[in-house]
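Next comes model17.pdb, a file with PDB, C-alpha atoms and all ligand atoms.
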ATOM      1  CA  MET K  73      42.692-185.116-129.747
ATOM      2  CA  PRO K  74      41.693-182.309-132.139
ATOM      3  CA  PRO K  75      38.288-182.756-133.815
ATOM      4  CA  GLU K  76      39.481-181.926-137.320
ATOM      5  CA  PRO K  77      41.185-184.439-139.652
ATOM      6  CA  GLY K  78      44.936-184.652-139.208
ATOM      7  CA  ALA K  79      47.795-186.644-137.746
ATOM      8  CA  PRO K  80      48.404-185.691-134.111
ATOM      9  CA  THR K  81      50.921-187.492-131.914
ATOM     10  CA  LEU K  82      49.722-189.790-129.142
ATOM     11  CA  PRO K  83      51.730-189.752-125.886
ATOM     12  CA  ARG K  84      52.484-193.268-124.646
ATOM     13  CA  SER K  85      53.358-194.262-121.104
ATOM     14  CA  MET K  86      53.935-197.966-121.707
ATOM     15  CA  ARG K  87      57.057-199.718-122.890
ATOM     16  CA  ALA K  88      56.528-202.697-125.180
ATOM     17  CA  THR K  89      58.688-204.908-122.953
ATOM     18  CA  ASP K  90      56.609-204.181-119.806
ATOM     19  CA  PRO K  91      53.466-206.169-119.063
ATOM     20  CA  ARG K  92      50.183-204.322-118.632
ATOM     21  CA  ILE K  93      49.038-204.461-115.038
ATOM     22  CA  THR K  94      45.554-204.655-113.630
ATOM     23  CA  THR K  95      43.616-201.858-111.944
ATOM     24  CA  ASN K  96      43.854-203.910-108.759
ATOM     25  CA  ASP K  97      47.660-204.053-108.866
ATOM     26  CA  ALA K  98      48.002-200.390-109.821
ATOM     27  CA  TYR K  99      45.539-198.815-107.399
ATOM     28  CA  LEU K 100      43.972-201.245-104.943
ATOM     29  CA  GLU K 101      47.012-203.094-103.607
ATOM     30  CA  PRO K 102      48.897-199.909-102.619
ATOM     31  CA  ALA K 103      45.774-198.673-100.776
ATOM     32  CA  ARG K 104      44.701-201.971 -99.201
ATOM     33  CA  GLY K 105      46.232-201.178 -95.793
ATOM     34  CA  ARG K 106      44.417-197.872 -95.291
ATOM     35  CA  PRO K 107      42.398-197.807 -92.052
ATOM     36  CA  ASN K 108      39.481-195.991 -93.719
ATOM     37  CA  LEU K 109      39.138-198.538 -96.545
ATOM     38  CA  ARG K 110      37.094-201.732 -96.415
ATOM     39  CA  ILE K 111      36.978-203.951 -99.501
ATOM     40  CA  ILE K 112      34.065-206.372 -99.787
ATOM     41  CA  ALA K 113      34.695-208.957-102.493
ATOM     42  CA  GLY K 114      31.949-210.762-104.394
ATOM     43  CA  ALA K 115      29.386-208.069-103.608
ATOM     44  CA  LEU K 116      26.664-207.300-106.151
ATOM     45  CA  VAL K 117      24.917-203.956-105.789
ATOM     46  CA  TYR K 118      21.195-204.579-105.879
ATOM     47  CA  ARG K 119      19.995-201.010-105.486
ATOM     48  CA  LEU K 120      20.683-197.650-103.873
ATOM     49  CA  GLU K 121      18.948-196.783-100.627
ATOM     50  CA  TRP K 122      17.094-193.506-100.184
ATOM     51  CA  VAL K 123      15.692-191.237 -97.537
ATOM     52  CA  GLY K 124      13.316-189.173 -99.616
ATOM     53  CA  GLN K 125      15.424-188.316-102.656
ATOM     54  CA  ARG K 126      18.731-188.427-100.770
ATOM     55  CA  CYS K 127      20.901-191.482-101.343
ATOM     56  CA  VAL K 128      22.050-192.848 -97.993
ATOM     57  CA  GLY K 129      23.568-196.209 -98.886
ATOM     58  CA  VAL K 130      23.398-199.373-100.942
ATOM     59  CA  ARG K 131      21.676-202.709-100.748
ATOM     60  CA  VAL K 132      24.138-205.414-101.736
ATOM     61  CA  VAL K 133      23.974-209.159-102.332
ATOM     62  CA  VAL K 134      26.955-210.894-100.701
ATOM     63  CA  GLY K 135      26.814-214.665-101.035
ATOM     64  CA  ASN K 136      23.252-215.613-100.111
ATOM     65  CA  GLU K 137      22.725-212.551 -97.977
ATOM     66  CA  VAL K 138      21.268-209.148 -98.765
ATOM     67  CA  VAL K 139      23.214-206.561 -96.759
ATOM     68  CA  ARG K 140      22.532-202.844 -96.355
ATOM     69  CA  TYR K 141      25.426-200.403 -96.061
ATOM     70  CA  THR K 142      24.856-196.763 -95.167
ATOM     71  CA  ALA K 143      27.163-193.874 -96.005
ATOM     72  CA  GLY K 144      27.256-190.089 -95.931
ATOM     73  CA  GLU K 145      28.241-190.101 -99.587
ATOM     74  CA  VAL K 146      27.695-192.738-102.271
ATOM     75  CA  VAL K 147      29.677-192.790-105.529
ATOM     76  CA  LEU K 148      28.115-194.955-108.236
ATOM     77  CA  CYS K 149      30.791-196.153-110.692
ATOM     78  CA  ALA K 150      29.651-199.422-112.268
ATOM     79  CA  ARG K 151      30.487-198.228-115.771
ATOM     80  CA  ALA K 152      28.323-197.468-118.799
ATOM     81  CA  ILE K 153      26.054-200.500-118.652
ATOM     82  CA  HIS K 154      25.611-201.292-114.980
ATOM     83  CA  SER K 155      25.496-197.712-113.626
ATOM     84  CA  PRO K 156      22.207-196.923-115.419
ATOM     85  CA  ALA K 157      20.891-200.416-114.626
ATOM     86  CA  ILE K 158      21.497-199.799-110.899
ATOM     87  CA  LEU K 159      19.866-196.357-111.176
ATOM     88  CA  LEU K 160      16.785-197.903-112.786
ATOM     89  CA  ARG K 161      16.598-200.665-110.151
ATOM     90  CA  SER K 162      16.876-197.899-107.548
ATOM     91  CA  GLY K 163      13.875-195.973-108.801
ATOM     92  CA  VAL K 164      15.676-193.359-110.918
ATOM     93  CA  GLY K 165      14.318-193.345-114.459
ATOM     94  CA  PRO K 166      11.043-193.072-116.392
ATOM     95  CA  PHE K 167       8.303-193.684-113.818
ATOM     96  CA  ASP K 168       6.004-195.658-116.140
ATOM     97  CA  VAL K 169       8.839-198.105-116.964
ATOM     98  CA  LEU K 170       9.865-198.442-113.314
ATOM     99  CA  ARG K 171       6.295-199.164-112.257
ATOM    100  CA  SER K 172       5.997-201.864-114.940
ATOM    101  CA  PHE K 173       8.814-203.715-113.129
ATOM    102  CA  GLY K 174       7.310-203.109-109.703
ATOM    103  CA  ILE K 175      10.111-200.690-108.760
ATOM    104  CA  ALA K 176       9.166-197.867-106.405
ATOM    105  CA  PRO K 177       9.859-194.606-108.279
ATOM    106  CA  VAL K 178      12.126-192.073-106.558
ATOM    107  CA  VAL K 179      13.359-189.560-109.141
ATOM    108  CA  GLU K 180      11.827-189.166-112.592
ATOM    109  CA  LEU K 181      14.657-189.040-115.152
ATOM    110  CA  SER K 182      13.341-190.221-118.487
ATOM    111  CA  ARG K 183      16.785-190.365-120.209
ATOM    112  CA  VAL K 184      18.386-192.971-117.914
ATOM    113  CA  GLY K 185      19.540-195.778-120.202
ATOM    114  CA  GLN K 186      18.759-193.801-123.361
ATOM    115  CA  ASN K 187      22.255-192.555-124.201
ATOM    116  CA  LEU K 188      24.218-195.764-124.758
ATOM    117  CA  CYS K 189      27.309-195.173-126.858
ATOM    118  CA  GLU K 190      29.174-197.959-128.671
ATOM    119  CA  GLN K 191      32.713-197.463-130.012
ATOM    120  CA  PRO K 192      33.384-200.130-132.646
ATOM    121  CA  LEU K 193      37.045-201.021-133.122
ATOM    122  CA  VAL K 194      38.634-203.234-135.749
ATOM    123  CA  GLU K 195      42.161-204.586-135.543
ATOM    124  CA  ILE K 196      44.156-205.032-138.740
ATOM    125  CA  GLY K 197      47.155-207.307-138.133
ATOM    126  CA  LEU K 198      50.265-206.579-140.141
ATOM    127  CA  GLY K 199      52.602-209.422-139.214
ATOM    128  CA  ASN K 200      52.640-213.059-140.183
ATOM    129  CA  PRO K 201      50.945-214.796-137.231
ATOM    130  CA  SER K 202      52.986-217.953-137.809
ATOM    131  CA  SER K 203      56.340-216.192-137.355
ATOM    132  CA  PRO K 204      57.529-215.373-133.823
ATOM    133  CA  ALA K 205      56.854-211.815-132.704
ATOM    134  CA  LYS K 206      59.848-209.534-132.564
ATOM    135  CA  PRO K 207      60.103-207.208-129.567
ATOM    136  CA  ILE K 208      59.213-203.687-130.581
ATOM    137  CA  ALA K 209      61.040-200.742-129.071
ATOM    138  CA  ALA K 210      58.048-198.519-128.395
ATOM    139  CA  PRO K 211      58.693-194.800-128.826
ATOM    140  CA  PRO K 212      57.295-192.352-126.239
ATOM    141  CA  PHE K 213      54.876-191.106-128.884
ATOM    142  CA  GLY K 214      52.675-192.888-131.385
ATOM    143  CA  CYS K 215      50.840-191.427-134.322
ATOM    144  CA  VAL K 216      47.111-191.272-134.929
ATOM    145  CA  LEU K 217      45.625-190.494-138.284
ATOM    146  CA  ARG K 218      42.173-189.043-138.071
ATOM    147  CA  ALA K 219      39.853-188.509-141.003
ATOM    148  CA  GLY K 220      36.306-188.777-142.218
ATOM    149  CA  SER K 221      35.419-192.104-143.756
ATOM    150  CA  GLY K 222      34.061-190.484-146.887
ATOM    151  CA  ALA K 223      30.520-191.594-146.097
ATOM    152  CA  PRO K 224      27.775-188.990-146.669
ATOM    153  CA  SER K 225      27.253-188.109-143.016
ATOM    154  CA  ASP K 226      29.898-186.043-141.275
ATOM    155  CA  ASP K 227      29.645-187.803-137.924
ATOM    156  CA  ASP K 228      31.872-190.738-138.747
ATOM    157  CA  LEU K 229      35.376-189.605-137.930
ATOM    158  CA  SER K 230      37.606-192.653-137.835
ATOM    159  CA  MET K 231      40.823-193.266-135.988
ATOM    160  CA  PHE K 232      43.732-195.012-137.574
ATOM    161  CA  SER K 233      46.319-195.818-134.986
ATOM    162  CA  ALA K 234      49.697-196.122-136.675
ATOM    163  CA  GLU K 235      51.898-196.495-133.647
ATOM    164  CA  ASN K 236      53.964-199.526-132.694
ATOM    165  CA  TRP K 237      51.133-201.574-131.257
ATOM    166  CA  VAL K 238      51.656-205.086-130.054
ATOM    167  CA  SER K 239      48.284-206.703-130.510
ATOM    168  CA  PRO K 240      46.877-209.602-128.455
ATOM    169  CA  SER K 241      48.022-211.836-131.305
ATOM    170  CA  GLN K 242      51.555-210.536-130.644
ATOM    171  CA  ALA K 243      51.797-209.188-134.171
ATOM    172  CA  PRO K 244      52.037-205.477-134.941
ATOM    173  CA  ALA K 245      48.646-204.137-135.851
ATOM    174  CA  PHE K 246      46.678-201.041-136.655
ATOM    175  CA  TRP K 247      43.440-200.281-134.915
ATOM    176  CA  VAL K 248      40.636-198.576-136.753
ATOM    177  CA  GLY K 249      37.648-197.248-134.928
ATOM    178  CA  PHE K 250      35.311-194.380-134.301
ATOM    179  CA  VAL K 251      36.755-191.731-132.022
ATOM    180  CA  ASP K 252      33.557-189.794-131.690
ATOM    181  CA  PRO K 253      30.619-192.038-132.541
ATOM    182  CA  ARG K 254      27.370-190.104-132.511
ATOM    183  CA  SER K 255      24.977-193.028-132.738
ATOM    184  CA  ARG K 256      23.170-193.701-129.499
ATOM    185  CA  GLY K 257      21.609-196.929-128.324
ATOM    186  CA  ARG K 258      19.393-197.910-125.426
ATOM    187  CA  LEU K 259      19.501-199.995-122.274
ATOM    188  CA  ARG K 260      16.426-201.530-120.668
ATOM    189  CA  LEU K 261      15.918-203.671-117.605
ATOM    190  CA  ARG K 262      14.649-207.207-118.146
ATOM    191  CA  SER K 263      13.492-207.351-114.538
ATOM    192  CA  SER K 264      14.298-205.833-111.160
ATOM    193  CA  ASP K 265      16.547-208.828-110.373
ATOM    194  CA  PRO K 266      20.218-207.686-110.065
ATOM    195  CA  PHE K 267      21.350-211.034-111.508
ATOM    196  CA  ASP K 268      19.352-210.366-114.662
ATOM    197  CA  ASP K 269      21.662-208.441-117.010
ATOM    198  CA  PRO K 270      20.007-205.521-118.807
ATOM    199  CA  TRP K 271      18.913-205.682-122.420
ATOM    200  CA  LEU K 272      21.093-203.610-124.763
ATOM    201  CA  GLU K 273      20.435-202.205-128.190
ATOM    202  CA  PHE K 274      23.449-200.632-129.898
ATOM    203  CA  ASP K 275      21.891-198.522-132.589
ATOM    204  CA  CYS K 276      24.798-197.982-134.983
ATOM    205  CA  SER K 277      22.536-196.921-137.830
ATOM    206  CA  ARG K 278      24.067-193.450-137.985
ATOM    207  CA  MET K 279      27.527-194.906-138.512
ATOM    208  CA  PRO K 280      28.793-195.806-141.934
ATOM    209  CA  ARG K 281      29.391-199.467-142.547
ATOM    210  CA  ILE K 282      32.520-200.500-140.670
ATOM    211  CA  ALA K 283      33.664-202.370-143.783
ATOM    212  CA  HIS K 284      33.803-199.065-145.611
ATOM    213  CA  VAL K 285      36.147-197.638-142.978
ATOM    214  CA  CYS K 286      38.306-200.789-143.046
ATOM    215  CA  ALA K 287      38.628-200.563-146.816
ATOM    216  CA  GLN K 288      39.819-197.003-146.488
ATOM    217  CA  ALA K 289      42.260-197.974-143.724
ATOM    218  CA  ARG K 290      43.688-200.724-145.914
ATOM    219  CA  GLY K 291      44.269-198.116-148.603
ATOM    220  CA  TRP K 292      46.104-195.937-146.103
ATOM    221  CA  CYS K 293      48.251-198.934-145.052
ATOM    222  CA  ARG K 294      49.351-199.467-148.617
ATOM    223  CA  ALA K 295      50.071-195.777-149.222
TER     224      ALA K 295
HETATM  225  C1  LIG P   1      39.363-202.911-124.280
HETATM  226  C2  LIG P   1      39.622-201.686-123.443
HETATM  227  C3  LIG P   1      40.888-201.117-123.431
HETATM  228  C4  LIG P   1      41.138-199.995-122.663
HETATM  229  N1  LIG P   1      42.408-199.472-122.654
HETATM  230  C5  LIG P   1      42.677-198.403-121.892
HETATM  231  C6  LIG P   1      44.007-197.863-121.830
HETATM  232  O1  LIG P   1      44.931-198.349-122.472
HETATM  233  N2  LIG P   1      44.229-196.791-121.056
HETATM  234  C7  LIG P   1      43.226-196.220-120.324
HETATM  235  O2  LIG P   1      43.483-195.245-119.617
HETATM  236  N3  LIG P   1      41.957-196.708-120.350
HETATM  237  C8  LIG P   1      41.671-197.776-121.106
HETATM  238  N4  LIG P   1      40.395-198.272-121.151
HETATM  239  C9  LIG P   1      39.345-197.575-120.398
HETATM  240  C10 LIG P   1      39.408-197.936-118.910
HETATM  241  O3  LIG P   1      39.359-199.349-118.792
HETATM  242  C11 LIG P   1      38.200-197.321-118.205
HETATM  243  O4  LIG P   1      38.147-195.944-118.469
HETATM  244  C12 LIG P   1      38.258-197.529-116.698
HETATM  245  O5  LIG P   1      38.432-198.878-116.378
HETATM  246  C13 LIG P   1      36.957-197.034-116.084
HETATM  247  O6  LIG P   1      37.009-197.281-114.695
HETATM  248  P1  LIG P   1      35.695-197.425-113.872
HETATM  249  O7  LIG P   1      36.090-197.648-112.436
HETATM  250  O8  LIG P   1      34.771-196.293-114.170
HETATM  251  O9  LIG P   1      34.975-198.726-114.459
HETATM  252  P2  LIG P   1      35.452-200.255-114.374
HETATM  253  O10 LIG P   1      36.932-200.361-114.299
HETATM  254  O11 LIG P   1      34.746-200.991-115.454
HETATM  255  O12 LIG P   1      34.853-200.685-112.970
HETATM  256  C14 LIG P   1      33.440-200.890-112.780
HETATM  257  C15 LIG P   1      33.306-202.043-111.817
HETATM  258  O13 LIG P   1      31.948-202.122-111.374
HETATM  259  C16 LIG P   1      31.646-203.489-111.222
HETATM  260  N5  LIG P   1      30.184-203.641-111.212
HETATM  261  C17 LIG P   1      29.295-203.501-112.242
HETATM  262  N6  LIG P   1      28.042-203.724-111.800
HETATM  263  C18 LIG P   1      28.117-203.997-110.482
HETATM  264  C19 LIG P   1      27.142-204.315-109.477
HETATM  265  N7  LIG P   1      25.825-204.388-109.741
HETATM  266  N8  LIG P   1      27.586-204.546-108.220
HETATM  267  C20 LIG P   1      28.917-204.480-107.927
HETATM  268  N9  LIG P   1      29.878-204.182-108.818
HETATM  269  C21 LIG P   1      29.471-203.949-110.093
HETATM  270  C22 LIG P   1      32.323-204.183-112.393
HETATM  271  O14 LIG P   1      32.480-205.560-112.131
HETATM  272  C23 LIG P   1      33.646-203.409-112.436
HETATM  273  O15 LIG P   1      34.617-204.043-111.625
HETATM  274  C24 LIG P   1      40.105-199.413-121.897
HETATM  275  C25 LIG P   1      38.821-199.992-121.907
HETATM  276  C26 LIG P   1      38.582-201.116-122.670
HETATM  277  C27 LIG P   1      37.197-201.727-122.636
END
Could you write out this structure as structure tokens?
Amino acid sequence: MPPEPGAPTLPRSMRATDPRITTNDAYLEPARGRPNLRIIAGALVYRLEWVGQRCVGVRVVVGNEVVRYTAGEVVLCARAIHSPAILLRSGVGPFDVLRSFGIAPVVELSRVGQNLCEQPLVEIGLGNPSSPAKPIAAPPFGCVLRAGSGAPSDDDLSMFSAENWVSPSQAPAFWVGFVDPRSRGRLRLRSSDPFDDPWLEFDCSRMPRIAHVCAQARGWCRA
């Protein structure tokens, strides 16, 4: 999507009459029979395992057991919140913080957990929720309006999706949000226990008030 204000098209690959499918159905089921793939359900990654500063596996909680798996290559993909939490539990982060949790430091990276990005999104329903939803023939392209919110800072580009959405409430809706939020929050461990979810602080102070953006979006809807 171009960074400047405008109204680019948005390619769509979903028809309104088709259900959305899960990642499991789309990717895992077709690959389940591969001889080089082993899926371990209900496994919670406790920490990465190291030889020196080389990652050689993972320590995982499966049921009541802690199991160690080794591998030539480890890909950490537990998403924006749990990937840094696993890194911190594994000794990658600011050494003084790691030591305060009794975690053996491995690699000093002071920014782990310091770049948390939140993307607020507000849905504005257009239909009457009490009337039955009509099927929408979704076109192959939608339309996105992109503009500044008018707030003093220039880092608050908002997105105004004007395509034929079918919202969870089954009524057509617009979504308004920040495409490129610049505010950054923080993530901290509460403890070294993998069952203890990390503490999050979404610092949205650099964003304009979301109400301001919604008011502008409502104006666009009327126009
Ligand atoms: C509301 C919403 C709507 C979206 N819509 C779209 C869309 O329409 N199209 C699109 O392309 N993308 C969409 N996305 C983005 C898309 O979902 C992500 O980009 C994609 O799922 C990222 O895949 P991933 O494998 O990196 O992370 P995920 O799919 O989140 O997988 C991470 C996995 O790690 C697991 N995990 C976390 N911690 C641990 C641990 N300690 N031990 C073991 N496992 C752990 C989690 O349970 C999770 O299963 C949407 C996202 C959201 C939130």
Taking into account only C-alpha atoms, which residue in the set K:Val248, K:Leu272, K:Cys127, K:Leu116 is nearest to K:Leu193?
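Looking at the shortest contact to K:Leu193, the residue is K:Val248.
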To test your reading of the syntax: which residues would the PyMOL selection byres (((not hetatm)) within 9 of (chain P and resi 1)) return for the file shown? Reply as a ChimeraX atom specification.
/K:92,95,114-119,132-133,148-155,157-158,266-267
Find, counting only C-alpha atoms, the residue in K:Val169, K:Val139, K:Val194, K:Val251 that gets nearest to K:Leu120.
K:Val139
Env of stretch 161-164 of chain K: 9 Å cut, atoms = all atoms listed in the file, seq-sep filter 3 positions within chain, self excluded. Answer as a ChimeraX atom specification.
/K:118-122,156-158,167,170-171,173,175-182,184,261,263-266
Please compute the atom CA of K:Asn108-atom CA of K:Gly144 distance, one decimal, in Å.
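Interatomic distance here is 13.8 Å.
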Option closest in space to K:Ile196, from K:Arg140, K:Gly249, K:Val146, K:Pro91 [counting all atoms listed in the file]:
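Among the listed residues, K:Gly249 lies closest to K:Ile196.
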Spatial neighbours of K:Leu259, 7 Å, only C-alpha atoms, chain gap at least 6 places, as a PyMOL selection string
chain K and resi 185-186+188+270-273
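In terms of minimum interatomic distance to K:Ile111, K:Asn96 ranks closest within K:Gly135, K:Asn96, K:Leu82, K:Glu195, counting all atoms listed in the file.
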May I ask for the distance between atom CA of K:Tyr141 and atom CA of K:Leu159, given in Å to one decimal place?
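Computing it gives 16.6 Å between the two atoms.
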Can you report as JSON the centre and edge lengths in Å, to one decimal, of an axis-aligned box around the listed atoms of stretch 249-253 of chain K padded with 3 Å on each side?
{"center_x": 34.1, "center_y": -193.5, "center_z": -133.3, "size_x": 13.0, "size_y": 13.5, "size_z": 9.2}
So the first atom is atom CA of K:Asp268 and the second is atom CA of K:Leu160; what is the distance between them in Å, to one decimal place?
12.9 Å
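All residues that come within 12 Å of the coordinates (24.7, -191.6, -128.7), counting all atoms listed in the file, are given as K:Arg183, K:Gly185, K:Gln186, K:Asn187, K:Leu188, K:Cys189, K:Glu190, K:Gln191, K:Asp227, K:Asp252, K:Pro253, K:Arg254, K:Ser255, K:Arg256, K:Gly257, K:Arg258, K:Leu259, K:Glu273, K:Phe274, K:Asp275, K:Cys276, K:Ser277, K:Arg278, K:Met279.
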For the structure just given, write the atoms of stretch 110-142 of chain K, namely C-alpha atoms, as a PDB file, in the first residue's frame.
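Here's the written file part12.pdb:
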ATOM      1  CA  ARG K 110       6.253 -34.693  13.258  1.00  0.00           C
ATOM      2  CA  ILE K 111       3.498 -32.669  14.924  1.00  0.00           C
ATOM      3  CA  ILE K 112       3.468 -32.579  18.722  1.00  0.00           C
ATOM      4  CA  ALA K 113       0.180 -31.207  20.032  1.00  0.00           C
ATOM      5  CA  GLY K 114      -0.219 -29.477  23.387  1.00  0.00           C
ATOM      6  CA  ALA K 115       3.477 -28.615  23.586  1.00  0.00           C
ATOM      7  CA  LEU K 116       4.539 -25.393  25.306  1.00  0.00           C
ATOM      8  CA  VAL K 117       8.010 -24.110  24.484  1.00  0.00           C
ATOM      9  CA  TYR K 118       9.769 -23.362  27.739  1.00  0.00           C
ATOM     10  CA  ARG K 119      13.078 -22.157  26.352  1.00  0.00           C
ATOM     11  CA  LEU K 120      15.640 -22.579  23.592  1.00  0.00           C
ATOM     12  CA  GLU K 121      18.649 -24.788  24.202  1.00  0.00           C
ATOM     13  CA  TRP K 122      22.171 -23.576  23.500  1.00  0.00           C
ATOM     14  CA  VAL K 123      25.680 -24.822  22.988  1.00  0.00           C
ATOM     15  CA  GLY K 124      27.614 -21.641  23.590  1.00  0.00           C
ATOM     16  CA  GLN K 125      25.643 -19.094  21.579  1.00  0.00           C
ATOM     17  CA  ARG K 126      24.399 -21.627  19.022  1.00  0.00           C
ATOM     18  CA  CYS K 127      20.782 -22.717  19.345  1.00  0.00           C
ATOM     19  CA  VAL K 128      20.597 -26.505  19.171  1.00  0.00           C
ATOM     20  CA  GLY K 129      17.024 -27.259  20.207  1.00  0.00           C
ATOM     21  CA  VAL K 130      14.098 -26.490  22.468  1.00  0.00           C
ATOM     22  CA  ARG K 131      12.940 -27.444  25.915  1.00  0.00           C
ATOM     23  CA  VAL K 132       9.211 -28.105  25.811  1.00  0.00           C
ATOM     24  CA  VAL K 133       6.508 -28.863  28.366  1.00  0.00           C
ATOM     25  CA  VAL K 134       4.245 -31.667  27.112  1.00  0.00           C
ATOM     26  CA  GLY K 135       1.624 -32.676  29.653  1.00  0.00           C
ATOM     27  CA  ASN K 136       3.498 -32.997  32.943  1.00  0.00           C
ATOM     28  CA  GLU K 137       6.804 -33.707  31.277  1.00  0.00           C
ATOM     29  CA  VAL K 138       9.651 -31.434  30.253  1.00  0.00           C
ATOM     30  CA  VAL K 139      11.104 -32.788  27.004  1.00  0.00           C
ATOM     31  CA  ARG K 140      14.211 -31.664  25.125  1.00  0.00           C
ATOM     32  CA  TYR K 141      14.269 -31.751  21.328  1.00  0.00           C
ATOM     33  CA  THR K 142      17.466 -31.123  19.388  1.00  0.00           C
TER      34      THR K 142
END
